[in-house]
Amino acid sequence: MFHYDFTPRGVCSRAIHIDLSDDGKTIEHVSFEGGCNGNLKAIGKLTAGMPVKDVVELLAGNTCGIRRTSCADQMTIGLEEAQAALEKSGR
């Protein structure tokens with residue numbers, strides 16, 4: 001498992017904790033600090049076991065109210081950063 005901590009921008013959550021499979025293709029666990037507690041717990045449950053690619057395609061660009069981003073959108077950025085960090089680490 002590969003763990004990555006992402007600091008989102010422009011949203012209520014303060015941190016997104018991402019665990020990916022060893023090959024970086026599957027989400028094992030996602031949790032958020034701050035933000036809308038129930039909704040963000042649900043996102044974590046719904047994405048567990050899903051391919052990163054599918055989640056990014058589905059949630060990238062999602063907005064929240066008048067904001068141009070959302071916690072879900074920020075998570076997709078974090079997922080892509082996590083994959084890049086895993087590749088860079090040579091694991």
# chains A, B, ... in the order shown; residues from 1 in each chain; ligands from 1

$ residues_around --residues "stretch 55-66 of chain A" --least-positions-apart "5" --cutoff "9 Å" --atoms "only C-alpha atoms" --output "JSON, numbers by chain"
{"A": [11, 27, 47, 50, 71, 72, 73, 74, 75, 76, 77, 79, 80]}

$ select_by_dssp --residues "chain A" --states "strand (DSSP E or B)" --output "list in words"
Phe2, His3, Tyr4, Asp5, Phe6, Ala15, Ile16, His17, Ile18, Asp19, Leu20, Thr26, Ile27, Glu28, His29, Val30, Ser31, Phe32, Glu33 and Pro51 of chain A

$ residues_around --residues "A:Cys12" --least-positions-apart "4" --cutoff "8 Å" --atoms "only C-alpha atoms" --output "JSON, numbers by chain"
{"A": [34, 35, 36, 71]}

$ residues_around --residues "A:Ile18" --least-positions-apart "2" --cutoff "8 Å" --atoms "only C-alpha atoms" --output "list in words"
His3, Tyr4, Asp5, Phe6, Ile16, Leu20, Ile27, Glu28, His29, Val30, Ser31, Gly78, Leu79 and Ala82 of chain A

$ write_last_selection --atoms "N, CA, C and O atoms" --output "short mmCIF file (atom, residue, chain, number, x, y, z; two decimals), in the first residue's frame"
data_model
loop_
_atom_site.label_atom_id
_atom_site.label_comp_id
_atom_site.auth_asym_id
_atom_site.auth_seq_id
_atom_site.Cartn_x
_atom_site.Cartn_y
_atom_site.Cartn_z
N HIS A 3 0.85 5.36 0.79
CA HIS A 3 0.10 6.42 1.48
C HIS A 3 0.57 7.78 0.98
O HIS A 3 1.77 8.02 0.81
N TYR A 4 -0.40 8.68 0.79
CA TYR A 4 -0.09 10.04 0.33
C TYR A 4 -1.02 11.02 1.04
O TYR A 4 -2.23 10.78 1.11
N ASP A 5 -0.46 12.10 1.55
CA ASP A 5 -1.25 13.16 2.17
C ASP A 5 -1.28 14.36 1.22
O ASP A 5 -0.23 14.83 0.77
N PHE A 6 -2.48 14.84 0.94
CA PHE A 6 -2.68 15.94 0.01
C PHE A 6 -3.33 17.11 0.73
O PHE A 6 -4.27 16.92 1.51
N ILE A 16 -6.41 15.62 2.79
CA ILE A 16 -6.99 14.40 2.24
C ILE A 16 -5.90 13.33 2.33
O ILE A 16 -4.79 13.51 1.85
N LEU A 20 -3.29 4.05 -1.77
CA LEU A 20 -3.44 3.36 -3.05
C LEU A 20 -2.83 1.97 -2.97
O LEU A 20 -1.95 1.72 -2.15
N ILE A 27 -7.82 2.60 -5.49
CA ILE A 27 -7.95 3.31 -4.22
C ILE A 27 -8.25 2.29 -3.13
O ILE A 27 -9.21 1.51 -3.24
N GLU A 28 -7.44 2.28 -2.09
CA GLU A 28 -7.71 1.40 -0.96
C GLU A 28 -8.51 2.13 0.11
O GLU A 28 -9.40 1.56 0.71
N HIS A 29 -8.15 3.41 0.34
CA HIS A 29 -8.84 4.18 1.38
C HIS A 29 -8.60 5.66 1.14
O HIS A 29 -7.50 6.06 0.75
N VAL A 30 -9.63 6.47 1.38
CA VAL A 30 -9.51 7.93 1.33
C VAL A 30 -10.23 8.48 2.55
O VAL A 30 -11.35 8.06 2.86
N SER A 31 -9.59 9.43 3.24
CA SER A 31 -10.25 10.12 4.35
C SER A 31 -9.91 11.60 4.30
O SER A 31 -8.88 11.99 3.73
N GLY A 78 -5.45 15.16 -5.84
CA GLY A 78 -4.61 14.40 -4.90
C GLY A 78 -4.32 13.00 -5.39
O GLY A 78 -3.21 12.48 -5.25
N LEU A 79 -5.32 12.34 -5.99
CA LEU A 79 -5.12 10.99 -6.53
C LEU A 79 -4.08 10.99 -7.63
O LEU A 79 -3.19 10.12 -7.67
N ALA A 82 -0.72 11.53 -6.09
CA ALA A 82 -0.28 10.32 -5.40
C ALA A 82 0.29 9.32 -6.41
O ALA A 82 1.34 8.72 -6.15
#

$ closest_residue --among "A:Gln83, A:Asn37, A:Ser70, A:Thr7" --to "A:Asp23" --atoms "only C-alpha atoms"
A:Gln83

$ closest_residue --among "A:Lys25, A:Glu33, A:Arg91, A:Lys45" --to "A:Pro8" --atoms "only C-alpha atoms"
A:Glu33

$ atom_distance --atom1 "atom CA of A:Gly10" --atom2 "atom CA of A:Arg67"
7.5 Å

$ atom_distance --atom1 "atom CA of A:Thr69" --atom2 "atom CA of A:Ala85"
22.5 Å

$ decode --residues "stretch 6-45 of chain A" --atoms "N, CA and C atoms" --output "mmCIF file, in the first residue's frame"
data_model
loop_
_atom_site.group_PDB
_atom_site.id
_atom_site.type_symbol
_atom_site.label_atom_id
_atom_site.label_comp_id
_atom_site.auth_asym_id
_atom_site.auth_seq_id
_atom_site.Cartn_x
_atom_site.Cartn_y
_atom_site.Cartn_z
ATOM 1 N N PHE A 6 -2.479 14.843 0.942
ATOM 2 C CA PHE A 6 -2.680 15.945 0.011
ATOM 3 C C PHE A 6 -3.332 17.111 0.726
ATOM 4 N N THR A 7 -2.840 18.320 0.470
ATOM 5 C CA THR A 7 -3.438 19.531 1.036
ATOM 6 C C THR A 7 -4.300 20.186 -0.040
ATOM 7 N N PRO A 8 -5.624 20.129 0.134
ATOM 8 C CA PRO A 8 -6.524 20.699 -0.869
ATOM 9 C C PRO A 8 -6.519 22.228 -0.819
ATOM 10 N N ARG A 9 -6.943 22.843 -1.915
ATOM 11 C CA ARG A 9 -6.998 24.298 -2.018
ATOM 12 C C ARG A 9 -8.410 24.735 -2.398
ATOM 13 N N GLY A 10 -8.893 25.791 -1.743
ATOM 14 C CA GLY A 10 -10.174 26.378 -2.111
ATOM 15 C C GLY A 10 -11.400 25.651 -1.610
ATOM 16 N N VAL A 11 -11.217 24.762 -0.624
ATOM 17 C CA VAL A 11 -12.344 24.004 -0.068
ATOM 18 C C VAL A 11 -12.265 23.995 1.458
ATOM 19 N N CYS A 12 -13.281 23.468 2.093
ATOM 20 C CA CYS A 12 -13.340 23.439 3.557
ATOM 21 C C CYS A 12 -12.420 22.388 4.184
ATOM 22 N N SER A 13 -12.218 21.265 3.510
ATOM 23 C CA SER A 13 -11.356 20.234 4.093
ATOM 24 C C SER A 13 -9.912 20.725 4.128
ATOM 25 N N ARG A 14 -9.195 20.313 5.167
ATOM 26 C CA ARG A 14 -7.820 20.763 5.383
ATOM 27 C C ARG A 14 -6.787 19.767 4.869
ATOM 28 N N ALA A 15 -7.167 18.505 4.777
ATOM 29 C CA ALA A 15 -6.235 17.467 4.334
ATOM 30 C C ALA A 15 -7.024 16.291 3.766
ATOM 31 N N ILE A 16 -6.410 15.624 2.792
ATOM 32 C CA ILE A 16 -6.985 14.397 2.235
ATOM 33 C C ILE A 16 -5.904 13.328 2.331
ATOM 34 N N HIS A 17 -6.237 12.222 2.989
ATOM 35 C CA HIS A 17 -5.309 11.109 3.178
ATOM 36 C C HIS A 17 -5.701 10.002 2.203
ATOM 37 N N ILE A 18 -4.744 9.621 1.376
ATOM 38 C CA ILE A 18 -5.009 8.686 0.283
ATOM 39 C C ILE A 18 -4.130 7.451 0.435
ATOM 40 N N ASP A 19 -4.740 6.281 0.353
ATOM 41 C CA ASP A 19 -4.015 5.018 0.318
ATOM 42 C C ASP A 19 -4.339 4.330 -1.003
ATOM 43 N N LEU A 20 -3.289 4.053 -1.775
ATOM 44 C CA LEU A 20 -3.440 3.364 -3.050
ATOM 45 C C LEU A 20 -2.831 1.974 -2.970
ATOM 46 N N SER A 21 -3.262 1.107 -3.867
ATOM 47 C CA SER A 21 -2.651 -0.214 -3.990
ATOM 48 C C SER A 21 -1.189 -0.045 -4.382
ATOM 49 N N ASP A 22 -0.402 -1.091 -4.223
ATOM 50 C CA ASP A 22 1.033 -1.022 -4.520
ATOM 51 C C ASP A 22 1.327 -0.583 -5.953
ATOM 52 N N ASP A 23 0.449 -0.918 -6.888
ATOM 53 C CA ASP A 23 0.679 -0.504 -8.272
ATOM 54 C C ASP A 23 0.095 0.878 -8.575
ATOM 55 N N GLY A 24 -0.614 1.473 -7.597
ATOM 56 C CA GLY A 24 -1.151 2.821 -7.735
ATOM 57 C C GLY A 24 -2.404 2.929 -8.573
ATOM 58 N N LYS A 25 -2.971 1.813 -8.959
ATOM 59 C CA LYS A 25 -4.134 1.847 -9.843
ATOM 60 C C LYS A 25 -5.472 1.813 -9.118
ATOM 61 N N THR A 26 -5.470 1.383 -7.852
ATOM 62 C CA THR A 26 -6.715 1.201 -7.116
ATOM 63 C C THR A 26 -6.689 1.979 -5.810
ATOM 64 N N ILE A 27 -7.817 2.596 -5.487
ATOM 65 C CA ILE A 27 -7.954 3.306 -4.218
ATOM 66 C C ILE A 27 -8.250 2.288 -3.132
ATOM 67 N N GLU A 28 -7.445 2.281 -2.090
ATOM 68 C CA GLU A 28 -7.712 1.401 -0.963
ATOM 69 C C GLU A 28 -8.506 2.130 0.111
ATOM 70 N N HIS A 29 -8.149 3.411 0.339
ATOM 71 C CA HIS A 29 -8.841 4.185 1.378
ATOM 72 C C HIS A 29 -8.596 5.664 1.142
ATOM 73 N N VAL A 30 -9.634 6.474 1.380
ATOM 74 C CA VAL A 30 -9.508 7.927 1.334
ATOM 75 C C VAL A 30 -10.231 8.483 2.547
ATOM 76 N N SER A 31 -9.591 9.429 3.244
ATOM 77 C CA SER A 31 -10.252 10.118 4.352
ATOM 78 C C SER A 31 -9.906 11.605 4.297
ATOM 79 N N PHE A 32 -10.784 12.397 4.859
ATOM 80 C CA PHE A 32 -10.663 13.850 4.825
ATOM 81 C C PHE A 32 -10.608 14.395 6.245
ATOM 82 N N GLU A 33 -9.870 15.489 6.415
ATOM 83 C CA GLU A 33 -9.901 16.259 7.656
ATOM 84 C C GLU A 33 -10.652 17.543 7.359
ATOM 85 N N GLY A 34 -11.672 17.823 8.159
ATOM 86 C CA GLY A 34 -12.493 19.008 7.936
ATOM 87 C C GLY A 34 -13.489 18.765 6.825
ATOM 88 N N GLY A 35 -14.249 19.803 6.491
ATOM 89 C CA GLY A 35 -15.247 19.676 5.438
ATOM 90 C C GLY A 35 -16.546 19.089 5.943
ATOM 91 N N CYS A 36 -17.393 18.694 5.037
ATOM 92 C CA CYS A 36 -18.712 18.133 5.358
ATOM 93 C C CYS A 36 -18.552 16.669 5.742
ATOM 94 N N ASN A 37 -18.494 16.415 7.016
ATOM 95 C CA ASN A 37 -18.125 15.116 7.564
ATOM 96 C C ASN A 37 -18.871 13.937 6.933
ATOM 97 N N GLY A 38 -20.174 13.971 6.926
ATOM 98 C CA GLY A 38 -20.947 12.842 6.401
ATOM 99 C C GLY A 38 -20.730 12.617 4.919
ATOM 100 N N ASN A 39 -20.745 13.691 4.148
ATOM 101 C CA ASN A 39 -20.546 13.563 2.704
ATOM 102 C C ASN A 39 -19.153 13.038 2.378
ATOM 103 N N LEU A 40 -18.159 13.516 3.101
ATOM 104 C CA LEU A 40 -16.792 13.099 2.803
ATOM 105 C C LEU A 40 -16.518 11.673 3.258
ATOM 106 N N LYS A 41 -17.158 11.241 4.335
ATOM 107 C CA LYS A 41 -17.061 9.824 4.721
ATOM 108 C C LYS A 41 -17.680 8.955 3.628
ATOM 109 N N ALA A 42 -18.798 9.426 3.064
ATOM 110 C CA ALA A 42 -19.475 8.671 2.007
ATOM 111 C C ALA A 42 -18.584 8.561 0.769
ATOM 112 N N ILE A 43 -17.912 9.650 0.407
ATOM 113 C CA ILE A 43 -17.006 9.614 -0.742
ATOM 114 C C ILE A 43 -15.923 8.564 -0.513
ATOM 115 N N GLY A 44 -15.374 8.537 0.702
ATOM 116 C CA GLY A 44 -14.354 7.541 1.022
ATOM 117 C C GLY A 44 -14.871 6.120 0.879
ATOM 118 N N LYS A 45 -16.089 5.875 1.367
ATOM 119 C CA LYS A 45 -16.668 4.529 1.266
ATOM 120 C C LYS A 45 -16.972 4.155 -0.184
#
